[in-house]
Each structure stands twice: as C-alpha cells, then as structure tokens.
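Dropping structure_33.json in here (JSON, C-alpha atoms):
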[["chain", "number", "residue", "atom", "x", "y", "z"],
["A", 1, "MET", "CA", 14.75, -9.79, -3.79],
["A", 2, "LEU", "CA", 11.05, -10.64, -3.92],
["A", 3, "ILE", "CA", 9.43, -11.73, -0.65],
["A", 4, "SER", "CA", 5.99, -12.19, 0.87],
["A", 5, "MET", "CA", 4.26, -9.53, 2.94],
["A", 6, "LYS", "CA", 4.63, -11.69, 6.05],
["A", 7, "GLU", "CA", 8.40, -11.72, 5.56],
["A", 8, "MET", "CA", 8.45, -8.03, 4.67],
["A", 9, "LEU", "CA", 6.64, -6.88, 7.80],
["A", 10, "ALA", "CA", 8.23, -9.37, 10.22],
["A", 11, "PRO", "CA", 10.84, -6.94, 11.65],
["A", 12, "THR", "CA", 8.68, -3.80, 11.72],
["A", 13, "ARG", "CA", 7.32, -4.02, 15.27],
["A", 14, "GLU", "CA", 10.63, -4.93, 16.88],
["A", 15, "HIS", "CA", 12.53, -2.20, 15.05],
["A", 16, "ARG", "CA", 9.65, 0.31, 15.19],
["A", 17, "PHE", "CA", 9.29, 1.26, 11.55],
["A", 18, "ALA", "CA", 6.73, 0.89, 8.76],
["A", 19, "ILE", "CA", 7.08, 0.16, 5.06],
["A", 20, "GLY", "CA", 5.45, 2.22, 2.36],
["A", 21, "ALA", "CA", 3.07, 0.46, -0.02],
["A", 22, "PHE", "CA", 3.18, 2.61, -3.14],
["A", 23, "ASN", "CA", 0.37, 2.23, -5.66],
["A", 24, "VAL", "CA", 1.81, 1.95, -9.16],
["A", 25, "ALA", "CA", -0.08, 2.55, -12.39],
["A", 26, "ASP", "CA", 2.56, 2.06, -15.10],
["A", 27, "SER", "CA", 6.28, 1.49, -15.67],
["A", 28, "CYS", "CA", 7.17, 5.06, -14.68],
["A", 29, "PHE", "CA", 5.81, 4.52, -11.18],
["A", 30, "ILE", "CA", 7.54, 1.14, -10.98],
["A", 31, "ARG", "CA", 10.80, 2.89, -11.81],
["A", 32, "ALA", "CA", 10.16, 5.58, -9.21],
["A", 33, "VAL", "CA", 9.54, 3.07, -6.41],
["A", 34, "VAL", "CA", 12.24, 0.54, -7.32],
["A", 35, "GLU", "CA", 14.98, 3.05, -8.11],
["A", 36, "GLU", "CA", 14.37, 5.10, -4.96],
["A", 37, "ALA", "CA", 14.30, 1.95, -2.84],
["A", 38, "GLU", "CA", 17.58, 0.79, -4.34],
["A", 39, "ALA", "CA", 19.23, 4.20, -4.06],
["A", 40, "THR", "CA", 18.42, 4.37, -0.33],
["A", 41, "ASN", "CA", 18.68, 0.65, 0.53],
["A", 42, "THR", "CA", 15.06, 0.70, 1.70],
["A", 43, "PRO", "CA", 12.48, -2.13, 1.56],
["A", 44, "ALA", "CA", 9.33, -1.26, -0.37],
["A", 45, "ILE", "CA", 5.94, -2.65, -1.29],
["A", 46, "ILE", "CA", 4.70, -2.35, -4.87],
["A", 47, "SER", "CA", 0.94, -2.14, -4.60],
["A", 48, "ILE", "CA", -1.66, -2.18, -7.36],
["A", 49, "HIS", "CA", -5.43, -1.79, -7.33],
["A", 50, "PRO", "CA", -7.53, -4.18, -9.48],
["A", 51, "SER", "CA", -8.49, -1.29, -11.80],
["A", 52, "GLU", "CA", -4.79, -0.51, -12.30],
["A", 53, "LEU", "CA", -4.05, -4.19, -12.93],
["A", 54, "GLU", "CA", -6.76, -4.18, -15.56],
["A", 55, "PHE", "CA", -5.06, -1.18, -17.19],
["A", 56, "VAL", "CA", -1.48, -2.47, -17.28],
["A", 57, "THR", "CA", -2.52, -6.11, -18.03],
["A", 58, "ASP", "CA", -1.21, -9.34, -16.53],
["A", 59, "GLU", "CA", 1.85, -9.52, -18.78],
["A", 60, "PHE", "CA", 3.23, -6.30, -17.30],
["A", 61, "PHE", "CA", 4.04, -8.16, -14.10],
["A", 62, "GLY", "CA", 6.50, -10.41, -15.89],
["A", 63, "TYR", "CA", 8.66, -7.28, -16.13],
["A", 64, "VAL", "CA", 7.94, -6.26, -12.53],
["A", 65, "ARG", "CA", 8.88, -9.68, -11.15],
["A", 66, "GLU", "CA", 12.05, -9.81, -13.23],
["A", 67, "ARG", "CA", 13.09, -6.34, -12.06],
["A", 68, "THR", "CA", 12.47, -7.00, -8.38],
["A", 69, "LEU", "CA", 13.80, -10.56, -8.25],
["A", 70, "LYS", "CA", 17.21, -9.34, -9.39],
["A", 71, "SER", "CA", 17.32, -6.45, -6.93],
["A", 72, "PRO", "CA", 19.43, -6.63, -3.74],
["A", 73, "VAL", "CA", 16.62, -4.71, -1.97],
["A", 74, "PRO", "CA", 13.52, -6.58, -0.67],
["A", 75, "PHE", "CA", 10.24, -5.96, -2.47],
["A", 76, "THR", "CA", 6.71, -7.30, -2.14],
["A", 77, "ILE", "CA", 4.18, -7.19, -4.99],
["A", 78, "HIS", "CA", 0.76, -6.69, -3.45],
["A", 79, "LEU", "CA", -2.84, -6.63, -4.69],
["A", 80, "ASP", "CA", -4.64, -3.70, -3.07],
["A", 81, "HIS", "CA", -8.38, -3.97, -2.29],
["A", 82, "GLY", "CA", -9.08, -7.25, -4.02],
["A", 83, "ALA", "CA", -12.84, -7.62, -3.96],
["A", 84, "SER", "CA", -13.30, -11.27, -4.88],
["A", 85, "VAL", "CA", -11.64, -14.67, -4.98],
["A", 86, "ALA", "CA", -11.33, -14.29, -8.76],
["A", 87, "GLN", "CA", -9.33, -11.07, -8.41],
["A", 88, "VAL", "CA", -7.09, -12.67, -5.82],
["A", 89, "LEU", "CA", -6.44, -15.73, -8.01],
["A", 90, "ARG", "CA", -5.60, -13.46, -10.94],
["A", 91, "ALA", "CA", -2.99, -11.65, -8.86],
["A", 92, "ILE", "CA", -1.48, -14.92, -7.63],
["A", 93, "GLN", "CA", -1.25, -16.18, -11.20],
["A", 94, "CYS", "CA", 0.55, -12.93, -12.12],
["A", 95, "GLY", "CA", 3.19, -13.69, -9.51],
["A", 96, "PHE", "CA", 2.09, -11.39, -6.69],
["A", 97, "THR", "CA", 3.54, -12.32, -3.30],
["A", 98, "SER", "CA", 0.74, -10.72, -1.29],
["A", 99, "VAL", "CA", -2.97, -10.10, -1.76],
["A", 100, "MET", "CA", -5.63, -8.12, 0.01],
["A", 101, "ILE", "CA", -9.20, -9.35, 0.25],
["A", 102, "ASP", "CA", -11.46, -6.46, 1.19],
["A", 103, "GLY", "CA", -14.72, -7.71, 2.66],
["A", 104, "SER", "CA", -15.15, -4.66, 4.86],
["A", 105, "LEU", "CA", -18.51, -3.71, 3.36],
["A", 106, "LEU", "CA", -19.94, -7.19, 3.95],
["A", 107, "PRO", "CA", -21.72, -8.28, 7.12],
["A", 108, "TYR", "CA", -19.09, -9.36, 9.65],
["A", 109, "GLU", "CA", -19.59, -13.13, 9.36],
["A", 110, "GLU", "CA", -19.45, -12.93, 5.55],
["A", 111, "ASN", "CA", -16.22, -10.94, 5.77],
["A", 112, "VAL", "CA", -14.77, -13.62, 8.05],
["A", 113, "ALA", "CA", -15.82, -16.43, 5.70],
["A", 114, "LEU", "CA", -14.49, -14.73, 2.55],
["A", 115, "THR", "CA", -11.20, -13.78, 4.18],
["A", 116, "LYS", "CA", -10.72, -17.27, 5.62],
["A", 117, "GLU", "CA", -11.29, -18.78, 2.16],
["A", 118, "VAL", "CA", -8.68, -16.49, 0.59],
["A", 119, "VAL", "CA", -6.19, -17.23, 3.38],
["A", 120, "LYS", "CA", -6.54, -20.96, 2.72],
["A", 121, "LEU", "CA", -5.97, -20.49, -1.04],
["A", 122, "ALA", "CA", -3.12, -18.01, -0.77],
["A", 123, "HIS", "CA", -1.19, -19.67, 2.06],
["A", 124, "ALA", "CA", -1.18, -22.92, 0.08],
["A", 125, "VAL", "CA", 1.16, -21.23, -2.42],
["A", 126, "GLY", "CA", 3.15, -19.07, 0.00],
["A", 127, "VAL", "CA", 1.27, -15.82, -0.64],
["A", 128, "SER", "CA", 0.43, -13.50, 2.28],
["A", 129, "VAL", "CA", -3.04, -12.11, 2.93],
["A", 130, "GLU", "CA", -4.25, -8.74, 4.19],
["A", 131, "GLY", "CA", -7.79, -8.39, 5.47],
["A", 132, "GLU", "CA", -9.79, -5.29, 6.33],
["A", 133, "LEU", "CA", -12.16, -4.53, 9.17],
["A", 134, "GLY", "CA", -14.02, -1.24, 9.35],
["A", 135, "THR", "CA", -14.25, 1.21, 6.45],
["A", 136, "ILE", "CA", -11.92, 3.77, 4.88],
["A", 137, "GLY", "CA", -13.27, 7.22, 4.05],
["A", 138, "ASP", "CA", -13.51, 8.69, 0.55],
["A", 139, "THR", "CA", -12.26, 12.20, -0.26],
["A", 140, "GLY", "CA", -13.66, 11.93, -3.78],
["A", 141, "THR", "CA", -10.17, 12.27, -5.30],
["A", 142, "SER", "CA", -9.13, 8.62, -5.67],
["A", 143, "VAL", "CA", -10.16, 5.67, -7.85],
["A", 144, "GLU", "CA", -9.87, 3.48, -4.75],
["A", 145, "GLY", "CA", -13.15, 4.87, -3.43],
["A", 146, "GLY", "CA", -14.29, 4.50, 0.16],
["A", 147, "VAL", "CA", -17.37, 5.51, 2.11],
["A", 148, "SER", "CA", -18.80, 8.87, 3.13],
["A", 149, "LYS", "CA", -18.85, 7.92, 6.81],
["A", 150, "VAL", "CA", -16.05, 5.88, 8.37],
["A", 151, "ILE", "CA", -17.01, 2.83, 10.42],
["A", 152, "TYR", "CA", -14.20, 2.52, 12.95],
["A", 153, "THR", "CA", -12.68, -0.88, 13.62],
["A", 154, "GLU", "CA", -13.87, -2.40, 16.89],
["A", 155, "PRO", "CA", -10.79, -3.69, 18.80],
["A", 156, "ALA", "CA", -12.51, -6.78, 20.22],
["A", 157, "GLN", "CA", -13.85, -7.67, 16.78],
["A", 158, "ALA", "CA", -10.36, -7.20, 15.28],
["A", 159, "GLU", "CA", -8.98, -9.73, 17.76],
["A", 160, "ASP", "CA", -11.71, -12.23, 16.84],
["A", 161, "PHE", "CA", -11.21, -11.59, 13.11],
["A", 162, "VAL", "CA", -7.47, -12.26, 13.23],
["A", 163, "GLN", "CA", -7.90, -15.45, 15.26],
["A", 164, "ARG", "CA", -10.62, -16.86, 13.01],
["A", 165, "THR", "CA", -9.21, -15.95, 9.60],
["A", 166, "GLY", "CA", -5.45, -16.37, 10.03],
["A", 167, "VAL", "CA", -4.63, -13.18, 8.08],
["A", 168, "ASP", "CA", -1.02, -12.01, 8.02],
["A", 169, "THR", "CA", -1.88, -8.29, 8.20],
["A", 170, "LEU", "CA", -4.99, -6.31, 9.03],
["A", 171, "ALA", "CA", -6.10, -2.97, 7.60],
["A", 172, "VAL", "CA", -7.86, -0.99, 10.30],
["A", 173, "ALA", "CA", -10.16, 2.02, 10.12],
["A", 174, "ILE", "CA", -9.15, 4.82, 12.48],
["A", 175, "GLY", "CA", -10.30, 7.83, 10.44],
["A", 176, "THR", "CA", -8.17, 7.95, 7.28],
["A", 177, "ALA", "CA", -9.57, 8.35, 3.76],
["A", 178, "HIS", "CA", -8.39, 7.51, 0.26],
["A", 179, "GLY", "CA", -7.15, 10.46, -1.80],
["A", 180, "ILE", "CA", -6.10, 14.06, -1.11],
["A", 181, "TYR", "CA", -8.24, 15.79, 1.51],
["A", 182, "PRO", "CA", -10.14, 18.86, 0.24],
["A", 183, "LYS", "CA", -9.54, 22.07, 2.20],
["A", 184, "ASN", "CA", -12.79, 21.65, 4.11],
["A", 185, "MET", "CA", -12.02, 18.06, 5.15],
["A", 186, "LYS", "CA", -9.54, 17.37, 7.94],
["A", 187, "PRO", "CA", -8.61, 13.87, 9.12],
["A", 188, "ALA", "CA", -9.10, 13.07, 12.78],
["A", 189, "LEU", "CA", -7.28, 9.84, 13.50],
["A", 190, "GLN", "CA", -8.47, 7.89, 16.53],
["A", 191, "MET", "CA", -5.19, 6.79, 18.08],
["A", 192, "HIS", "CA", -6.85, 5.21, 21.11],
["A", 193, "ILE", "CA", -8.57, 2.71, 18.80],
["A", 194, "LEU", "CA", -5.28, 1.87, 17.11],
["A", 195, "LYS", "CA", -3.55, 1.41, 20.46],
["A", 196, "ASP", "CA", -6.28, -0.93, 21.72],
["A", 197, "ILE", "CA", -6.17, -3.07, 18.57],
["A", 198, "SER", "CA", -2.37, -3.24, 18.68],
["A", 199, "GLN", "CA", -2.49, -4.57, 22.25],
["A", 200, "ARG", "CA", -4.94, -7.31, 21.23],
["A", 201, "VAL", "CA", -3.31, -8.68, 18.05],
["A", 202, "ASP", "CA", 0.28, -9.64, 17.30],
["A", 203, "ILE", "CA", 0.29, -9.15, 13.53],
["A", 204, "PRO", "CA", 1.35, -5.92, 11.78],
["A", 205, "LEU", "CA", -1.45, -3.44, 11.17],
["A", 206, "VAL", "CA", -2.06, -1.53, 7.95],
["A", 207, "LEU", "CA", -3.04, 2.10, 7.48],
["A", 208, "HIS", "CA", -4.89, 2.84, 4.25],
["A", 209, "GLY", "CA", -5.36, 6.41, 3.05],
["A", 210, "GLY", "CA", -1.87, 7.43, 4.20],
["A", 211, "SER", "CA", -1.61, 10.41, 1.85],
["A", 212, "ALA", "CA", -2.17, 13.96, 3.10],
["A", 213, "ASN", "CA", -2.39, 13.02, 6.78],
["A", 214, "PRO", "CA", -0.41, 15.02, 9.36],
["A", 215, "ASP", "CA", 3.15, 13.69, 9.67],
["A", 216, "ALA", "CA", 2.97, 13.62, 13.46],
["A", 217, "GLU", "CA", -0.07, 11.34, 13.42],
["A", 218, "ILE", "CA", 1.51, 8.99, 10.88],
["A", 219, "ALA", "CA", 4.72, 8.80, 12.90],
["A", 220, "GLU", "CA", 2.69, 8.06, 16.06],
["A", 221, "ALA", "CA", 0.76, 5.31, 14.26],
["A", 222, "VAL", "CA", 4.05, 3.57, 13.49],
["A", 223, "THR", "CA", 4.85, 3.41, 17.21],
["A", 224, "LEU", "CA", 1.44, 1.81, 17.82],
["A", 225, "GLY", "CA", 1.90, -1.25, 15.63],
["A", 226, "VAL", "CA", 1.32, -0.04, 12.06],
["A", 227, "GLY", "CA", 3.81, -1.83, 9.80],
["A", 228, "LYS", "CA", 2.46, -0.92, 6.37],
["A", 229, "ILE", "CA", 1.21, 2.46, 5.17],
["A", 230, "ASN", "CA", -0.44, 2.90, 1.79],
["A", 231, "ILE", "CA", 0.61, 5.86, -0.34],
["A", 232, "SER", "CA", -0.91, 6.63, -3.72],
["A", 233, "SER", "CA", -2.35, 10.13, -4.12],
["A", 234, "ASP", "CA", 0.62, 12.10, -2.73],
["A", 235, "MET", "CA", 3.01, 10.38, -5.11],
["A", 236, "LYS", "CA", 0.73, 10.61, -8.14],
["A", 237, "TYR", "CA", -0.14, 14.24, -7.44],
["A", 238, "ALA", "CA", 3.54, 15.22, -7.53],
["A", 239, "TYR", "CA", 4.14, 13.19, -10.69],
["A", 240, "PHE", "CA", 1.26, 14.65, -12.67],
["A", 241, "ALA", "CA", 1.81, 18.18, -11.41],
["A", 242, "LYS", "CA", 5.32, 18.00, -12.88],
["A", 243, "LEU", "CA", 3.98, 16.57, -16.14],
["A", 244, "ARG", "CA", 1.43, 19.38, -16.45],
["A", 245, "GLU", "CA", 4.17, 21.94, -15.84],
["A", 246, "ILE", "CA", 6.39, 20.42, -18.55],
["A", 247, "LEU", "CA", 3.64, 20.00, -21.14],
["A", 248, "ALA", "CA", 2.37, 23.54, -20.56],
["A", 249, "ARG", "CA", 5.87, 24.85, -21.31],
["A", 250, "GLU", "CA", 7.24, 22.49, -23.98],
["A", 251, "THR", "CA", 6.07, 20.97, -27.26],
["A", 252, "TRP", "CA", 7.97, 17.71, -26.79],
["A", 253, "TRP", "CA", 6.40, 14.37, -27.65],
["A", 254, "ASP", "CA", 9.18, 11.91, -26.78],
["A", 255, "PRO", "CA", 8.56, 10.06, -23.50],
["A", 256, "ASN", "CA", 12.28, 9.88, -22.73],
["A", 257, "VAL", "CA", 12.44, 13.67, -22.38],
["A", 258, "ILE", "CA", 8.99, 14.27, -20.88],
["A", 259, "TYR", "CA", 8.87, 11.67, -18.10],
["A", 260, "PRO", "CA", 12.24, 11.75, -16.26],
["A", 261, "ASP", "CA", 11.48, 14.92, -14.26],
["A", 262, "ALA", "CA", 8.04, 13.58, -13.35],
["A", 263, "ILE", "CA", 9.62, 10.33, -12.14],
["A", 264, "ASP", "CA", 12.03, 12.38, -10.03],
["A", 265, "ALA", "CA", 9.10, 14.29, -8.53],
["A", 266, "ALA", "CA", 7.48, 11.00, -7.52],
["A", 267, "LYS", "CA", 10.80, 9.78, -6.11],
["A", 268, "ALA", "CA", 11.02, 12.86, -3.87],
["A", 269, "VAL", "CA", 7.66, 11.99, -2.29],
["A", 270, "ILE", "CA", 8.61, 8.32, -1.96],
["A", 271, "HIS", "CA", 11.87, 9.27, -0.21],
["A", 272, "TYR", "CA", 10.05, 11.61, 2.16],
["A", 273, "LYS", "CA", 7.52, 8.93, 3.12],
["A", 274, "MET", "CA", 10.19, 6.24, 3.59],
["A", 275, "ASN", "CA", 12.01, 8.56, 5.97],
["A", 276, "LEU", "CA", 8.80, 9.50, 7.82],
["A", 277, "PHE", "CA", 7.93, 5.83, 8.31],
["A", 278, "GLY", "CA", 11.38, 5.11, 9.74],
["A", 279, "GLY", "CA", 12.21, 2.50, 7.10],
["A", 280, "LEU", "CA", 14.94, 4.38, 5.25],
["A", 281, "GLY", "CA", 18.04, 2.21, 4.89],
["A", 282, "LYS", "CA", 16.49, -0.82, 6.60],
["A", 283, "ALA", "CA", 17.07, -3.33, 3.74],
["A", 284, "GLY", "CA", 20.01, -4.80, 5.68],
["A", 285, "LEU", "CA", 17.55, -6.35, 8.16],
["A", 286, "TYR", "CA", 16.47, -8.81, 5.47],
["A", 287, "ARG", "CA", 19.88, -10.23, 4.57]]
Now that the file is in, can you turn its structure into structure tokens?
Amino acid sequence: MLISMKEMLAPTREHRFAIGAFNVADSCFIRAVVEEAEATNTPAIISIHPSELEFVTDEFFGYVRERTLKSPVPFTIHLDHGASVAQVLRAIQCGFTSVMIDGSLLPYEENVALTKEVVKLAHAVGVSVEGELGTIGDTGTSVEGGVSKVIYTEPAQAEDFVQRTGVDTLAVAIGTAHGIYPKNMKPALQMHILKDISQRVDIPLVLHGGSANPDAEIAEAVTLGVGKINISSDMKYAYFAKLREILARETWWDPNVIYPDAIDAAKAVIHYKMNLFGGLGKAGLYR
C-alpha cells in the first residue's frame, strides 16, 4: 500500500506514535525497511536524499513503487531535503508520494515563497509536502550536512509559516544534528520549544537527525506532536559495520552470501526504532 505523507501521519497525534523515515541508498536498504515493516505490520516511510537519488537513478523507483504498492503494509516514498523545484519535480515524476522542500537557509520570506510554490505544484497531483524552519546541526558524519550552529525554530514563526504555506508537515529545529554524534558532542534537545510549536500548529511535526539521540528524549518528542522521525546513520552504521566484519573474515565475492547478515543488522536497528517511536504493529490503523 503506497500512500501520501498526509495520509501516513494522519493518525499519529491521536494514537501518540511516530513513524520512522528511513533513508535508503540501494536495494539492500529497501529490503531492510520493507521486510521489517511487513514482518511487524508496521507503517514505514522510505526516504531518500537527492544525492542518493542521483546514485540509484530514477529507474530504481519503478522497482520501489512496485514493491510497496503490492504490500499490505502502508508505505510512503519521500524526498528528503529537496533543495529546489527541479529536485521536487524529479521526485514527483519518479512516483514519490511526498517531497520535502528545504528552504531553511534562505531568508524567511524566501523560504515561505519557495515552500508555497512547491505546495501548489505537489498538491495538484496528490503529493504531500514537508517544509523546514530553523536549521539542523551537522556532526560531520553524514552526507546530509547541516550547520555548525543550530538556529532553533521560533514557535510564532512556525505558526505563521504553516498558515501561509499550507505544508502538510513541518521539520523543526530543537537541537538535533545529522549523523552520529562524536564523543565530545552531546545533543541538548529543547523540549520547551517543541511543546510551544505543537500547541500552535495542528499538523504533524518532523524531527530530523533522529540517530544517536537519547531514547528518553525521542520518546518524549513523540508525546509532544512529532509524527515523523528521520533515521539514517544508525541504520547505515550497523549495516556497514557488519559488512566490514564479514569482509575482514571471508574472501567471498557473491552478494547473495555477503549482504544478508548486513541487511539483518539494519533490520535490527529499524525494529528498535519502530518500537521506540510507538509505531510497531500500527498498520491496522490504515485499513
């Protein structure tokens, strides 16, 4: 079952859970997300960054759409951190059911104008839109980037942004960063900001940089209106750690014997996050 992000996140506030948006980079990660979601009857978001889309190519998403359309579990295919109208249109043409337009580094009025333009284009064809206000930090360990100093989302501005743009979801900056935190870098999430924003807007909020944050803070964020949490580095770290272990020990060269254990390692992280977010087994809400 392939649905829009608006449909996917519709029950999250009422039932107090969030859905993981797992960044995929090839067919192995698609398998990890889809198979774990199906095994646990859990809704999931397949997310891809423009640089990853460039790597796998447009044609790859013919396979992804076919696989998810036939599944009894609900999925959303989402463009993560689209930076331009051209990138958004490419994703829509590939069959994505949700897109993000990230104008967070632009002056506020330019961010509003760009996001509003994308909303008009995407909504015309039934595609959901995620906007971003404020900036996500950068640990230096992710291709998704970020900034060295987080600019926190201003709650009053978030309310204005949602009203003027018509976005379906909003990514907010409360202190998270993309990637795995180095030992000398500790996240300090500003829950009071999240709570204020949640009281002002009625759409689901999005937490980027969900990897490597304390479980207690993530669980609390879900109770404060976060309906979508992005996971990339935690899943990929487990996958590639297992690959390195196998390749250091074996001389195999056949993918069918090298990759299965790495896929299972990614699945273990995906399962853990689904459970942490409270979404495990929630696919029945969509039928």
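Distance cut-off 9 Å, centre (1.3, 5.9, -0.3), atoms counted only C-alpha atoms; the residues meeting this are Gly20, Ala21, Phe22, Asn23, His208, Gly209, Gly210, Ser211, Ile229, Asn230, Ile231, Ser232, Ser233, Asp234, Met235, Ile270 and Lys273 of chain A.
Our summary of the geometry notes that CA of Tyr239 in chain A is positioned 12.9 Å from CA of Ser27 in chain A.
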Judged by all atoms listed in the file, the minimum distance to Ile151 in chain A among A:Val119, A:Thr42, A:Gly134, A:Ala32 is found for A:Gly134
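Remark: for Glu38 in chain A, the closest of the candidate residues A:Ile193, A:Met1, A:Ile246, A:Ile92 is A:Met1 (distances computed over only C-alpha atoms).
Between CA of Met5 in chain A and CA of Thr76 in chain A lies a distance of 6.1 Å.
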For Phe17 in chain A, the closest of A:Ala248, A:Gly227, A:Asp261, A:Leu243 counting all atoms listed in the file is A:Gly227
Q: May I have the protein, DNA and RNA residues with any atom at most 12 Å from the point (16.1, 8.0, -6.2), counting only C-alpha atoms, written as JSON, numbers by chain?
A: {"A": [29, 30, 31, 32, 33, 34, 35, 36, 37, 38, 39, 40, 41, 42, 260, 261, 263, 264, 265, 266, 267, 268, 269, 270, 271, 272, 274]}
Write the selection just made, keeping C-alpha atoms, as a PDB file, keeping the file's coordinate frame?
ATOM      1  CA  PHE A  29       5.810   4.520 -11.180  1.00  0.00           C
ATOM      2  CA  ILE A  30       7.540   1.140 -10.980  1.00  0.00           C
ATOM      3  CA  ARG A  31      10.800   2.890 -11.810  1.00  0.00           C
ATOM      4  CA  ALA A  32      10.160   5.580  -9.210  1.00  0.00           C
ATOM      5  CA  VAL A  33       9.540   3.070  -6.410  1.00  0.00           C
ATOM      6  CA  VAL A  34      12.240   0.540  -7.320  1.00  0.00           C
ATOM      7  CA  GLU A  35      14.980   3.050  -8.110  1.00  0.00           C
ATOM      8  CA  GLU A  36      14.370   5.100  -4.960  1.00  0.00           C
ATOM      9  CA  ALA A  37      14.300   1.950  -2.840  1.00  0.00           C
ATOM     10  CA  GLU A  38      17.580   0.790  -4.340  1.00  0.00           C
ATOM     11  CA  ALA A  39      19.230   4.200  -4.060  1.00  0.00           C
ATOM     12  CA  THR A  40      18.420   4.370  -0.330  1.00  0.00           C
ATOM     13  CA  ASN A  41      18.680   0.650   0.530  1.00  0.00           C
ATOM     14  CA  THR A  42      15.060   0.700   1.700  1.00  0.00           C
ATOM     15  CA  PRO A 260      12.240  11.750 -16.260  1.00  0.00           C
ATOM     16  CA  ASP A 261      11.480  14.920 -14.260  1.00  0.00           C
ATOM     17  CA  ILE A 263       9.620  10.330 -12.140  1.00  0.00           C
ATOM     18  CA  ASP A 264      12.030  12.380 -10.030  1.00  0.00           C
ATOM     19  CA  ALA A 265       9.100  14.290  -8.530  1.00  0.00           C
ATOM     20  CA  ALA A 266       7.480  11.000  -7.520  1.00  0.00           C
ATOM     21  CA  LYS A 267      10.800   9.780  -6.110  1.00  0.00           C
ATOM     22  CA  ALA A 268      11.020  12.860  -3.870  1.00  0.00           C
ATOM     23  CA  VAL A 269       7.660  11.990  -2.290  1.00  0.00           C
ATOM     24  CA  ILE A 270       8.610   8.320  -1.960  1.00  0.00           C
ATOM     25  CA  HIS A 271      11.870   9.270  -0.210  1.00  0.00           C
ATOM     26  CA  TYR A 272      10.050  11.610   2.160  1.00  0.00           C
ATOM     27  CA  MET A 274      10.190   6.240   3.590  1.00  0.00           C
TER      28      MET A 274
END
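The spacing separating CA of Glu52 in chain A from CA of Ala122 in chain A amounts to 21.0 Å.
Using all atoms listed in the file, the smallest distance between any of A:Arg13, A:His49, A:His78, A:His192 and Val127 in chain A comes from A:His78.
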Quiz item: What's the 12 Å shell around Gln87 in chain A, counting all atoms listed in the file, without same-chain residues fewer than 2 positions away, as a PyMOL selection string?
Solution: chain A and resi 48-51+53-54+58+79-85+89-94+96+99-102+118
Across A:Ala10, A:Leu247, A:Leu2, A:Thr165, the smallest distance to Glu110 in chain A, with only C-alpha atoms counted, is shown by A:Thr165
Using all atoms listed in the file, the residue out of A:Leu121, A:Met8, A:Val206, A:Val88 with shortest distance to Phe75 in chain A is A:Met8
Padding of 4 Å on every side, edges along x, y and z, all listed atoms of range 241-250 of chain A included: what centre and edge lengths in Å, to one decimal, does that box have, as JSON?
{"center_x": 4.3, "center_y": 20.7, "center_z": -17.7, "size_x": 13.8, "size_y": 16.3, "size_z": 20.6}
Requested in this report: Find the spatial neighbours of Ile3 in chain A, counting only C-alpha atoms, within a cut-off of 10 Å - ignore same-chain residues fewer than 6 positions away - and output them as a PyMOL selection string.
Outcome: chain A and resi 45+68-69+74-77+96-98+126-128+286
Save out the residues we just selected, C-alpha atoms, as a PDB file, in the coordinates of the input.
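result16.pdb, written as the output of this step:
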ATOM      1  CA  ILE A  45       5.940  -2.650  -1.290  1.00  0.00           C
ATOM      2  CA  THR A  68      12.470  -7.000  -8.380  1.00  0.00           C
ATOM      3  CA  LEU A  69      13.800 -10.560  -8.250  1.00  0.00           C
ATOM      4  CA  PRO A  74      13.520  -6.580  -0.670  1.00  0.00           C
ATOM      5  CA  PHE A  75      10.240  -5.960  -2.470  1.00  0.00           C
ATOM      6  CA  THR A  76       6.710  -7.300  -2.140  1.00  0.00           C
ATOM      7  CA  ILE A  77       4.180  -7.190  -4.990  1.00  0.00           C
ATOM      8  CA  PHE A  96       2.090 -11.390  -6.690  1.00  0.00           C
ATOM      9  CA  THR A  97       3.540 -12.320  -3.300  1.00  0.00           C
ATOM     10  CA  SER A  98       0.740 -10.720  -1.290  1.00  0.00           C
ATOM     11  CA  GLY A 126       3.150 -19.070   0.000  1.00  0.00           C
ATOM     12  CA  VAL A 127       1.270 -15.820  -0.640  1.00  0.00           C
ATOM     13  CA  SER A 128       0.430 -13.500   2.280  1.00  0.00           C
ATOM     14  CA  TYR A 286      16.470  -8.810   5.470  1.00  0.00           C
TER      15      TYR A 286
END
